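The next block is final-v4.txt, given as compact mmCIF, all heavy atoms.
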# COMPACT_ATOMS: atom_id res chain seq x y z
N MET A 175 120.74 5.44 293.71
CA MET A 175 120.95 5.62 292.28
C MET A 175 119.67 5.20 291.56
O MET A 175 119.02 4.23 291.95
CB MET A 175 122.13 4.76 291.85
CG MET A 175 122.48 4.89 290.41
SD MET A 175 124.02 4.01 290.10
CE MET A 175 124.44 4.77 288.57
N LYS A 176 119.32 5.94 290.51
CA LYS A 176 118.11 5.65 289.74
C LYS A 176 118.47 5.14 288.35
O LYS A 176 119.47 5.55 287.78
CB LYS A 176 117.29 6.93 289.55
CG LYS A 176 116.26 7.18 290.58
CD LYS A 176 115.44 8.37 290.17
CE LYS A 176 114.16 8.41 290.93
NZ LYS A 176 113.34 9.55 290.57
N ALA A 177 117.60 4.26 287.82
CA ALA A 177 117.78 3.75 286.47
C ALA A 177 116.42 3.50 285.85
O ALA A 177 115.48 3.11 286.54
CB ALA A 177 118.58 2.45 286.49
N LYS A 178 116.31 3.74 284.55
CA LYS A 178 115.05 3.55 283.83
C LYS A 178 114.89 2.08 283.45
O LYS A 178 115.78 1.47 282.87
CB LYS A 178 115.02 4.42 282.58
CG LYS A 178 113.69 4.39 281.88
CD LYS A 178 113.65 5.38 280.75
CE LYS A 178 112.27 5.39 280.14
NZ LYS A 178 112.19 6.37 279.04
N VAL A 179 113.73 1.52 283.76
CA VAL A 179 113.44 0.12 283.45
C VAL A 179 113.13 0.00 281.96
O VAL A 179 112.33 0.76 281.42
CB VAL A 179 112.24 -0.39 284.29
CG1 VAL A 179 111.88 -1.81 283.91
CG2 VAL A 179 112.53 -0.28 285.78
N ILE A 180 113.78 -0.96 281.28
CA ILE A 180 113.56 -1.16 279.85
C ILE A 180 112.97 -2.54 279.54
O ILE A 180 112.58 -2.82 278.42
CB ILE A 180 114.85 -0.93 279.04
CG1 ILE A 180 115.98 -1.83 279.53
CG2 ILE A 180 115.27 0.53 279.10
CD1 ILE A 180 117.25 -1.77 278.68
N LYS A 181 112.89 -3.41 280.57
CA LYS A 181 112.39 -4.77 280.38
C LYS A 181 111.76 -5.23 281.69
O LYS A 181 112.29 -4.94 282.77
CB LYS A 181 113.59 -5.66 280.04
CG LYS A 181 113.29 -6.99 279.45
CD LYS A 181 114.61 -7.56 278.94
CE LYS A 181 114.58 -9.05 278.83
NZ LYS A 181 115.87 -9.59 278.47
N ASN A 182 110.60 -5.90 281.62
CA ASN A 182 109.94 -6.40 282.84
C ASN A 182 110.89 -7.25 283.68
O ASN A 182 111.61 -8.09 283.14
CB ASN A 182 108.75 -7.29 282.50
CG ASN A 182 107.55 -6.52 282.04
OD1 ASN A 182 107.38 -5.34 282.33
ND2 ASN A 182 106.68 -7.17 281.30
N PHE A 183 110.86 -7.03 284.98
CA PHE A 183 111.60 -7.90 285.89
C PHE A 183 111.03 -7.78 287.30
O PHE A 183 110.37 -6.82 287.64
CB PHE A 183 113.11 -7.58 285.89
CG PHE A 183 113.51 -6.35 286.67
CD1 PHE A 183 113.97 -6.45 287.97
CD2 PHE A 183 113.44 -5.10 286.08
CE1 PHE A 183 114.35 -5.31 288.68
CE2 PHE A 183 113.83 -3.97 286.77
CZ PHE A 183 114.28 -4.07 288.08
N ARG A 184 111.25 -8.82 288.09
CA ARG A 184 110.86 -8.82 289.50
C ARG A 184 112.15 -8.79 290.31
O ARG A 184 113.01 -9.65 290.17
CB ARG A 184 110.04 -10.06 289.85
CG ARG A 184 109.53 -10.03 291.28
CD ARG A 184 108.59 -11.18 291.60
NE ARG A 184 107.45 -11.24 290.72
CZ ARG A 184 106.31 -10.57 290.91
NH1 ARG A 184 106.15 -9.81 291.95
NH2 ARG A 184 105.32 -10.69 290.05
N ASP A 185 112.27 -7.79 291.17
CA ASP A 185 113.47 -7.64 291.99
C ASP A 185 113.57 -8.80 292.97
O ASP A 185 112.62 -9.07 293.71
CB ASP A 185 113.42 -6.30 292.73
CG ASP A 185 114.69 -5.99 293.50
OD1 ASP A 185 115.72 -6.65 293.25
OD2 ASP A 185 114.65 -5.11 294.35
N LYS A 186 114.71 -9.48 292.96
CA LYS A 186 114.87 -10.65 293.83
C LYS A 186 114.93 -10.27 295.30
O LYS A 186 114.66 -11.09 296.16
CB LYS A 186 116.11 -11.45 293.44
CG LYS A 186 117.43 -10.76 293.75
CD LYS A 186 118.59 -11.62 293.32
CE LYS A 186 119.91 -10.97 293.69
NZ LYS A 186 121.05 -11.77 293.27
N GLU A 187 115.30 -9.02 295.60
CA GLU A 187 115.40 -8.60 297.00
C GLU A 187 114.06 -8.13 297.58
O GLU A 187 113.74 -8.42 298.72
CB GLU A 187 116.45 -7.50 297.13
CG GLU A 187 117.85 -8.00 296.81
CD GLU A 187 118.90 -6.92 296.84
OE1 GLU A 187 118.56 -5.75 297.02
OE2 GLU A 187 120.08 -7.27 296.67
N THR A 188 113.27 -7.39 296.77
CA THR A 188 112.01 -6.83 297.28
C THR A 188 110.78 -7.57 296.77
O THR A 188 109.69 -7.35 297.27
CB THR A 188 111.87 -5.35 296.88
OG1 THR A 188 111.78 -5.27 295.45
CG2 THR A 188 113.03 -4.53 297.39
N LYS A 189 110.96 -8.41 295.76
CA LYS A 189 109.87 -9.16 295.10
C LYS A 189 108.91 -8.23 294.36
O LYS A 189 107.84 -8.63 293.94
CB LYS A 189 109.08 -10.03 296.09
CG LYS A 189 109.93 -10.98 296.90
CD LYS A 189 110.66 -11.97 296.03
CE LYS A 189 111.40 -12.97 296.89
NZ LYS A 189 112.64 -13.40 296.36
N LYS A 190 109.30 -6.95 294.18
CA LYS A 190 108.45 -5.97 293.49
C LYS A 190 108.64 -6.12 291.98
O LYS A 190 109.74 -6.33 291.50
CB LYS A 190 108.84 -4.57 293.94
CG LYS A 190 107.95 -3.50 293.37
CD LYS A 190 108.30 -2.13 293.94
CE LYS A 190 107.45 -1.06 293.28
NZ LYS A 190 107.80 0.28 293.70
N LEU A 191 107.52 -6.00 291.24
CA LEU A 191 107.54 -6.10 289.79
C LEU A 191 107.77 -4.73 289.18
O LEU A 191 107.12 -3.76 289.57
CB LEU A 191 106.21 -6.67 289.28
CG LEU A 191 106.07 -6.83 287.78
CD1 LEU A 191 107.07 -7.85 287.24
CD2 LEU A 191 104.66 -7.27 287.43
N TYR A 192 108.71 -4.63 288.26
CA TYR A 192 109.02 -3.38 287.57
C TYR A 192 108.71 -3.55 286.09
O TYR A 192 109.02 -4.57 285.50
CB TYR A 192 110.49 -3.01 287.75
CG TYR A 192 110.82 -2.62 289.16
CD1 TYR A 192 111.23 -3.56 290.10
CD2 TYR A 192 110.72 -1.29 289.57
CE1 TYR A 192 111.52 -3.20 291.41
CE2 TYR A 192 111.01 -0.92 290.88
CZ TYR A 192 111.40 -1.87 291.78
OH TYR A 192 111.68 -1.51 293.07
N LYS A 193 108.09 -2.52 285.50
CA LYS A 193 107.71 -2.55 284.09
C LYS A 193 108.41 -1.42 283.34
O LYS A 193 108.77 -0.41 283.95
CB LYS A 193 106.20 -2.39 283.96
CG LYS A 193 105.45 -3.56 284.58
CD LYS A 193 103.97 -3.45 284.35
CE LYS A 193 103.29 -4.68 284.95
NZ LYS A 193 101.93 -4.79 284.53
N PRO A 194 108.58 -1.57 282.02
CA PRO A 194 109.25 -0.53 281.23
C PRO A 194 108.58 0.83 281.40
O PRO A 194 107.36 0.93 281.51
CB PRO A 194 109.08 -1.04 279.79
CG PRO A 194 108.97 -2.52 279.94
CD PRO A 194 108.21 -2.74 281.22
N GLY A 195 109.42 1.87 281.43
CA GLY A 195 108.93 3.23 281.60
C GLY A 195 108.97 3.70 283.04
O GLY A 195 108.94 4.89 283.31
N LYS A 196 109.07 2.76 283.98
CA LYS A 196 109.17 3.11 285.40
C LYS A 196 110.65 3.26 285.75
O LYS A 196 111.52 3.00 284.93
CB LYS A 196 108.53 2.01 286.27
CG LYS A 196 107.08 1.75 285.97
CD LYS A 196 106.24 2.89 286.43
CE LYS A 196 104.78 2.57 286.18
NZ LYS A 196 103.90 3.64 286.54
N TYR A 197 110.90 3.65 286.99
CA TYR A 197 112.28 3.80 287.45
C TYR A 197 112.55 2.89 288.63
O TYR A 197 111.70 2.70 289.48
CB TYR A 197 112.57 5.25 287.85
CG TYR A 197 112.74 6.15 286.64
CD1 TYR A 197 111.66 6.73 286.03
CD2 TYR A 197 114.01 6.36 286.11
CE1 TYR A 197 111.82 7.52 284.90
CE2 TYR A 197 114.18 7.16 284.99
CZ TYR A 197 113.08 7.73 284.40
OH TYR A 197 113.25 8.50 283.29
N TYR A 198 113.75 2.32 288.63
CA TYR A 198 114.21 1.49 289.74
C TYR A 198 115.20 2.33 290.52
O TYR A 198 116.05 3.01 289.94
CB TYR A 198 114.91 0.23 289.21
CG TYR A 198 115.50 -0.62 290.31
CD1 TYR A 198 114.72 -1.54 290.98
CD2 TYR A 198 116.83 -0.46 290.71
CE1 TYR A 198 115.25 -2.31 292.01
CE2 TYR A 198 117.36 -1.22 291.73
CZ TYR A 198 116.56 -2.14 292.38
OH TYR A 198 117.07 -2.87 293.40
N GLU A 199 115.11 2.30 291.83
CA GLU A 199 116.05 3.03 292.66
C GLU A 199 116.67 2.07 293.66
O GLU A 199 115.96 1.32 294.33
CB GLU A 199 115.35 4.18 293.39
CG GLU A 199 116.31 5.13 294.04
CD GLU A 199 115.68 6.43 294.48
OE1 GLU A 199 114.51 6.69 294.15
OE2 GLU A 199 116.37 7.19 295.17
N GLY A 200 117.99 2.09 293.75
CA GLY A 200 118.69 1.21 294.67
C GLY A 200 120.15 1.60 294.78
O GLY A 200 120.56 2.64 294.27
N SER A 201 120.90 0.75 295.42
CA SER A 201 122.33 1.03 295.58
C SER A 201 123.03 0.97 294.21
O SER A 201 122.53 0.35 293.27
CB SER A 201 122.97 0.01 296.52
OG SER A 201 123.02 -1.26 295.90
N LYS A 202 124.16 1.62 294.14
CA LYS A 202 124.92 1.66 292.88
C LYS A 202 125.26 0.23 292.42
O LYS A 202 125.15 -0.09 291.25
CB LYS A 202 126.18 2.48 293.10
CG LYS A 202 126.89 2.88 291.85
CD LYS A 202 128.02 3.86 292.17
CE LYS A 202 128.60 4.41 290.90
NZ LYS A 202 129.61 5.44 291.16
N GLN A 203 125.65 -0.61 293.38
CA GLN A 203 126.01 -2.00 293.06
C GLN A 203 124.82 -2.78 292.53
O GLN A 203 124.93 -3.50 291.55
CB GLN A 203 126.58 -2.69 294.29
CG GLN A 203 126.98 -4.12 294.04
CD GLN A 203 127.52 -4.81 295.29
OE1 GLN A 203 127.71 -4.18 296.31
NE2 GLN A 203 127.73 -6.10 295.18
N ARG A 204 123.65 -2.62 293.17
CA ARG A 204 122.45 -3.36 292.75
C ARG A 204 121.97 -2.88 291.37
O ARG A 204 121.60 -3.69 290.54
CB ARG A 204 121.33 -3.18 293.80
CG ARG A 204 120.09 -3.94 293.47
CD ARG A 204 120.30 -5.45 293.55
NE ARG A 204 119.06 -6.12 293.20
CZ ARG A 204 118.98 -7.14 292.36
NH1 ARG A 204 120.07 -7.66 291.84
NH2 ARG A 204 117.82 -7.67 292.06
N VAL A 205 122.02 -1.57 291.14
CA VAL A 205 121.62 -1.04 289.83
C VAL A 205 122.56 -1.58 288.75
O VAL A 205 122.11 -1.96 287.67
CB VAL A 205 121.60 0.50 289.85
CG1 VAL A 205 121.45 1.06 288.44
CG2 VAL A 205 120.47 1.01 290.74
N LYS A 206 123.84 -1.67 289.06
CA LYS A 206 124.80 -2.21 288.09
C LYS A 206 124.49 -3.67 287.76
O LYS A 206 124.54 -4.07 286.61
CB LYS A 206 126.23 -2.07 288.62
CG LYS A 206 127.28 -2.52 287.61
CD LYS A 206 128.69 -2.39 288.16
CE LYS A 206 129.77 -2.83 287.22
NZ LYS A 206 129.52 -3.89 286.29
N GLU A 207 124.16 -4.46 288.77
CA GLU A 207 123.81 -5.88 288.54
C GLU A 207 122.62 -6.00 287.59
O GLU A 207 122.65 -6.79 286.65
CB GLU A 207 123.41 -6.55 289.86
CG GLU A 207 124.53 -6.85 290.81
CD GLU A 207 124.02 -7.42 292.13
OE1 GLU A 207 122.89 -7.93 292.18
OE2 GLU A 207 124.76 -7.33 293.12
N ILE A 208 121.59 -5.20 287.85
CA ILE A 208 120.37 -5.27 287.04
C ILE A 208 120.64 -4.73 285.63
O ILE A 208 120.14 -5.28 284.64
CB ILE A 208 119.23 -4.51 287.73
CG1 ILE A 208 118.90 -5.20 289.07
CG2 ILE A 208 117.98 -4.49 286.86
CD1 ILE A 208 117.98 -4.41 289.95
N ALA A 209 121.45 -3.68 285.52
CA ALA A 209 121.80 -3.12 284.22
C ALA A 209 122.61 -4.13 283.40
O ALA A 209 122.38 -4.29 282.19
CB ALA A 209 122.57 -1.83 284.38
N ASP A 210 123.54 -4.81 284.04
CA ASP A 210 124.35 -5.82 283.36
C ASP A 210 123.50 -6.97 282.83
O ASP A 210 123.82 -7.59 281.82
CB ASP A 210 125.45 -6.37 284.28
CG ASP A 210 126.56 -5.36 284.55
OD1 ASP A 210 126.63 -4.33 283.85
OD2 ASP A 210 127.35 -5.60 285.48
N ALA A 211 122.37 -7.23 283.51
CA ALA A 211 121.45 -8.28 283.07
C ALA A 211 120.51 -7.78 281.97
O ALA A 211 119.76 -8.57 281.39
CB ALA A 211 120.65 -8.79 284.26
N GLY A 212 120.53 -6.47 281.69
CA GLY A 212 119.73 -5.93 280.58
C GLY A 212 118.33 -5.48 280.94
O GLY A 212 117.50 -5.31 280.05
N TYR A 213 118.05 -5.25 282.20
CA TYR A 213 116.71 -4.86 282.61
C TYR A 213 116.52 -3.37 282.81
O TYR A 213 115.40 -2.87 282.75
CB TYR A 213 116.31 -5.58 283.91
CG TYR A 213 116.18 -7.06 283.73
CD1 TYR A 213 117.14 -7.93 284.23
CD2 TYR A 213 115.10 -7.61 283.06
CE1 TYR A 213 117.04 -9.30 284.06
CE2 TYR A 213 114.98 -8.97 282.88
CZ TYR A 213 115.95 -9.82 283.38
OH TYR A 213 115.84 -11.17 283.20
N VAL A 214 117.58 -2.65 283.05
CA VAL A 214 117.49 -1.20 283.24
C VAL A 214 118.56 -0.49 282.42
O VAL A 214 119.56 -1.09 282.03
CB VAL A 214 117.62 -0.77 284.72
CG1 VAL A 214 116.51 -1.34 285.58
CG2 VAL A 214 118.98 -1.14 285.29
N GLU A 215 118.31 0.79 282.17
CA GLU A 215 119.24 1.62 281.42
C GLU A 215 119.74 2.72 282.35
O GLU A 215 118.94 3.45 282.92
CB GLU A 215 118.50 2.23 280.24
CG GLU A 215 119.31 3.11 279.36
CD GLU A 215 118.47 3.63 278.20
OE1 GLU A 215 117.61 4.49 278.45
OE2 GLU A 215 118.66 3.14 277.09
N VAL A 216 121.04 2.81 282.50
CA VAL A 216 121.63 3.82 283.38
C VAL A 216 122.23 4.91 282.52
O VAL A 216 123.07 4.63 281.66
CB VAL A 216 122.72 3.20 284.27
CG1 VAL A 216 123.33 4.25 285.18
CG2 VAL A 216 122.16 2.04 285.08
N LYS A 217 121.79 6.13 282.75
CA LYS A 217 122.39 7.25 282.04
C LYS A 217 123.61 7.70 282.82
O LYS A 217 123.56 7.82 284.04
CB LYS A 217 121.39 8.41 281.93
CG LYS A 217 120.25 8.09 281.01
CD LYS A 217 119.38 9.27 280.81
CE LYS A 217 118.25 8.93 279.85
NZ LYS A 217 117.36 10.06 279.64
N SER A 218 124.70 7.91 282.11
CA SER A 218 125.92 8.32 282.81
C SER A 218 125.74 9.74 283.35
O SER A 218 125.17 10.59 282.68
CB SER A 218 127.12 8.25 281.88
OG SER A 218 126.92 9.08 280.76
N GLU A 219 126.20 9.93 284.56
CA GLU A 219 126.09 11.23 285.20
C GLU A 219 127.23 12.10 284.73
O GLU A 219 128.36 11.63 284.59
CB GLU A 219 126.10 11.07 286.72
CG GLU A 219 124.90 10.30 287.24
CD GLU A 219 124.94 10.11 288.73
OE1 GLU A 219 125.77 10.75 289.40
OE2 GLU A 219 124.13 9.33 289.23
N PRO A 220 126.95 13.37 284.45
CA PRO A 220 128.02 14.25 283.96
C PRO A 220 129.12 14.42 285.01
O PRO A 220 128.85 14.43 286.20
CB PRO A 220 127.31 15.57 283.71
CG PRO A 220 126.00 15.48 284.39
CD PRO A 220 125.69 14.03 284.59
N GLU A 221 130.34 14.52 284.52
CA GLU A 221 131.48 14.71 285.41
C GLU A 221 131.39 16.11 286.01
O GLU A 221 131.04 17.06 285.32
CB GLU A 221 132.79 14.59 284.61
CG GLU A 221 133.03 13.21 284.04
CD GLU A 221 133.40 12.19 285.10
OE1 GLU A 221 134.11 12.58 286.05
OE2 GLU A 221 132.99 11.04 284.97
N SER A 222 131.69 16.22 287.28
CA SER A 222 131.68 17.55 287.90
C SER A 222 132.95 18.29 287.49
O SER A 222 134.04 17.72 287.48
CB SER A 222 131.58 17.45 289.42
OG SER A 222 132.65 16.69 289.91
N LYS A 223 132.78 19.55 287.14
CA LYS A 223 133.92 20.36 286.69
C LYS A 223 134.53 21.09 287.86
O LYS A 223 133.85 21.58 288.72
CB LYS A 223 133.46 21.36 285.63
CG LYS A 223 132.97 20.68 284.37
CD LYS A 223 132.50 21.69 283.36
CE LYS A 223 131.97 20.99 282.12
NZ LYS A 223 131.47 21.92 281.13
N LYS A 224 135.87 21.16 287.88
CA LYS A 224 136.57 21.85 288.96
C LYS A 224 137.29 23.05 288.43
O LYS A 224 137.73 23.12 287.36
CB LYS A 224 137.55 20.91 289.65
CG LYS A 224 136.85 19.85 290.43
CD LYS A 224 137.86 19.04 291.21
CE LYS A 224 137.12 18.02 292.07
NZ LYS A 224 138.01 17.23 292.88
Could you rewrite the structure in this file as structure tokens?
Amino acid sequence: MKAKVIKNFRDKETKKLYKPGKYYEGSKQRVKEIADAGYVEVKSEPESKK
């Protein structure tokens, strides 16, 4: 899952530094944790139509 970085942060798992304007890619659970902390913005994916 991808999310747009909106605030500087260092990933606790990879120790990589992320800056605004870049994208973070990780598991859905990890992206949710970081989004809940206010570091990334997740755009909702459109519902698939049947």
So which residues touch stretch 202-217 of chain A within 6 Å, counting all atoms listed in the file, skipping near sequence neighbours fewer than 4 positions away, as JSON, numbers by chain? {"A": [175, 176, 177, 178, 179, 180, 181, 182, 183, 184, 185, 186, 187, 197, 198]}
Those selected residues, please, written with all heavy atoms and delivered as a CSV table (one decimal), in the frame of the given file.
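selection-v4.csv, written as the output of this step:
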chain,number,residue,atom,x,y,z
A,175,MET,N,120.7,5.4,293.7
A,175,MET,CA,121.0,5.6,292.3
A,175,MET,C,119.7,5.2,291.6
A,175,MET,O,119.0,4.2,292.0
A,175,MET,CB,122.1,4.8,291.8
A,175,MET,CG,122.5,4.9,290.4
A,175,MET,SD,124.0,4.0,290.1
A,175,MET,CE,124.4,4.8,288.6
A,176,LYS,N,119.3,5.9,290.5
A,176,LYS,CA,118.1,5.6,289.7
A,176,LYS,C,118.5,5.1,288.4
A,176,LYS,O,119.5,5.6,287.8
A,176,LYS,CB,117.3,6.9,289.6
A,176,LYS,CG,116.3,7.2,290.6
A,176,LYS,CD,115.4,8.4,290.2
A,176,LYS,CE,114.2,8.4,290.9
A,176,LYS,NZ,113.3,9.6,290.6
A,177,ALA,N,117.6,4.3,287.8
A,177,ALA,CA,117.8,3.8,286.5
A,177,ALA,C,116.4,3.5,285.8
A,177,ALA,O,115.5,3.1,286.5
A,177,ALA,CB,118.6,2.4,286.5
A,178,LYS,N,116.3,3.7,284.6
A,178,LYS,CA,115.0,3.6,283.8
A,178,LYS,C,114.9,2.1,283.4
A,178,LYS,O,115.8,1.5,282.9
A,178,LYS,CB,115.0,4.4,282.6
A,178,LYS,CG,113.7,4.4,281.9
A,178,LYS,CD,113.6,5.4,280.8
A,178,LYS,CE,112.3,5.4,280.1
A,178,LYS,NZ,112.2,6.4,279.0
A,179,VAL,N,113.7,1.5,283.8
A,179,VAL,CA,113.4,0.1,283.4
A,179,VAL,C,113.1,0.0,282.0
A,179,VAL,O,112.3,0.8,281.4
A,179,VAL,CB,112.2,-0.4,284.3
A,179,VAL,CG1,111.9,-1.8,283.9
A,179,VAL,CG2,112.5,-0.3,285.8
A,180,ILE,N,113.8,-1.0,281.3
A,180,ILE,CA,113.6,-1.2,279.8
A,180,ILE,C,113.0,-2.5,279.5
A,180,ILE,O,112.6,-2.8,278.4
A,180,ILE,CB,114.8,-0.9,279.0
A,180,ILE,CG1,116.0,-1.8,279.5
A,180,ILE,CG2,115.3,0.5,279.1
A,180,ILE,CD1,117.2,-1.8,278.7
A,181,LYS,N,112.9,-3.4,280.6
A,181,LYS,CA,112.4,-4.8,280.4
A,181,LYS,C,111.8,-5.2,281.7
A,181,LYS,O,112.3,-4.9,282.8
A,181,LYS,CB,113.6,-5.7,280.0
A,181,LYS,CG,113.3,-7.0,279.4
A,181,LYS,CD,114.6,-7.6,278.9
A,181,LYS,CE,114.6,-9.0,278.8
A,181,LYS,NZ,115.9,-9.6,278.5
A,182,ASN,N,110.6,-5.9,281.6
A,182,ASN,CA,109.9,-6.4,282.8
A,182,ASN,C,110.9,-7.2,283.7
A,182,ASN,O,111.6,-8.1,283.1
A,182,ASN,CB,108.8,-7.3,282.5
A,182,ASN,CG,107.6,-6.5,282.0
A,182,ASN,OD1,107.4,-5.3,282.3
A,182,ASN,ND2,106.7,-7.2,281.3
A,183,PHE,N,110.9,-7.0,285.0
A,183,PHE,CA,111.6,-7.9,285.9
A,183,PHE,C,111.0,-7.8,287.3
A,183,PHE,O,110.4,-6.8,287.6
A,183,PHE,CB,113.1,-7.6,285.9
A,183,PHE,CG,113.5,-6.4,286.7
A,183,PHE,CD1,114.0,-6.4,288.0
A,183,PHE,CD2,113.4,-5.1,286.1
A,183,PHE,CE1,114.4,-5.3,288.7
A,183,PHE,CE2,113.8,-4.0,286.8
A,183,PHE,CZ,114.3,-4.1,288.1
A,184,ARG,N,111.2,-8.8,288.1
A,184,ARG,CA,110.9,-8.8,289.5
A,184,ARG,C,112.2,-8.8,290.3
A,184,ARG,O,113.0,-9.6,290.2
A,184,ARG,CB,110.0,-10.1,289.8
A,184,ARG,CG,109.5,-10.0,291.3
A,184,ARG,CD,108.6,-11.2,291.6
A,184,ARG,NE,107.4,-11.2,290.7
A,184,ARG,CZ,106.3,-10.6,290.9
A,184,ARG,NH1,106.2,-9.8,292.0
A,184,ARG,NH2,105.3,-10.7,290.0
A,185,ASP,N,112.3,-7.8,291.2
A,185,ASP,CA,113.5,-7.6,292.0
A,185,ASP,C,113.6,-8.8,293.0
A,185,ASP,O,112.6,-9.1,293.7
A,185,ASP,CB,113.4,-6.3,292.7
A,185,ASP,CG,114.7,-6.0,293.5
A,185,ASP,OD1,115.7,-6.6,293.2
A,185,ASP,OD2,114.6,-5.1,294.4
A,186,LYS,N,114.7,-9.5,293.0
A,186,LYS,CA,114.9,-10.6,293.8
A,186,LYS,C,114.9,-10.3,295.3
A,186,LYS,O,114.7,-11.1,296.2
A,186,LYS,CB,116.1,-11.4,293.4
A,186,LYS,CG,117.4,-10.8,293.8
A,186,LYS,CD,118.6,-11.6,293.3
A,186,LYS,CE,119.9,-11.0,293.7
A,186,LYS,NZ,121.0,-11.8,293.3
A,187,GLU,N,115.3,-9.0,295.6
A,187,GLU,CA,115.4,-8.6,297.0
A,187,GLU,C,114.1,-8.1,297.6
A,187,GLU,O,113.7,-8.4,298.7
A,187,GLU,CB,116.4,-7.5,297.1
A,187,GLU,CG,117.8,-8.0,296.8
A,187,GLU,CD,118.9,-6.9,296.8
A,187,GLU,OE1,118.6,-5.8,297.0
A,187,GLU,OE2,120.1,-7.3,296.7
A,197,TYR,N,110.9,3.6,287.0
A,197,TYR,CA,112.3,3.8,287.4
A,197,TYR,C,112.6,2.9,288.6
A,197,TYR,O,111.7,2.7,289.5
A,197,TYR,CB,112.6,5.2,287.8
A,197,TYR,CG,112.7,6.2,286.6
A,197,TYR,CD1,111.7,6.7,286.0
A,197,TYR,CD2,114.0,6.4,286.1
A,197,TYR,CE1,111.8,7.5,284.9
A,197,TYR,CE2,114.2,7.2,285.0
A,197,TYR,CZ,113.1,7.7,284.4
A,197,TYR,OH,113.2,8.5,283.3
A,198,TYR,N,113.8,2.3,288.6
A,198,TYR,CA,114.2,1.5,289.7
A,198,TYR,C,115.2,2.3,290.5
A,198,TYR,O,116.0,3.0,289.9
A,198,TYR,CB,114.9,0.2,289.2
A,198,TYR,CG,115.5,-0.6,290.3
A,198,TYR,CD1,114.7,-1.5,291.0
A,198,TYR,CD2,116.8,-0.5,290.7
A,198,TYR,CE1,115.2,-2.3,292.0
A,198,TYR,CE2,117.4,-1.2,291.7
A,198,TYR,CZ,116.6,-2.1,292.4
A,198,TYR,OH,117.1,-2.9,293.4
As a PyMOL selection string, please: all residues of chain A that backbone DSSP puts in strand (DSSP E or B). chain A and resi 176-179+183-184+191-192+197-199+214-215
Residue list (helix (DSSP H, G or I), DSSP) for chain A, as a PyMOL selection string: chain A and resi 202-210
To one decimal place, how far is atom O of A:Gly200 from atom O of A:Thr188 in Å? 15.1 Å
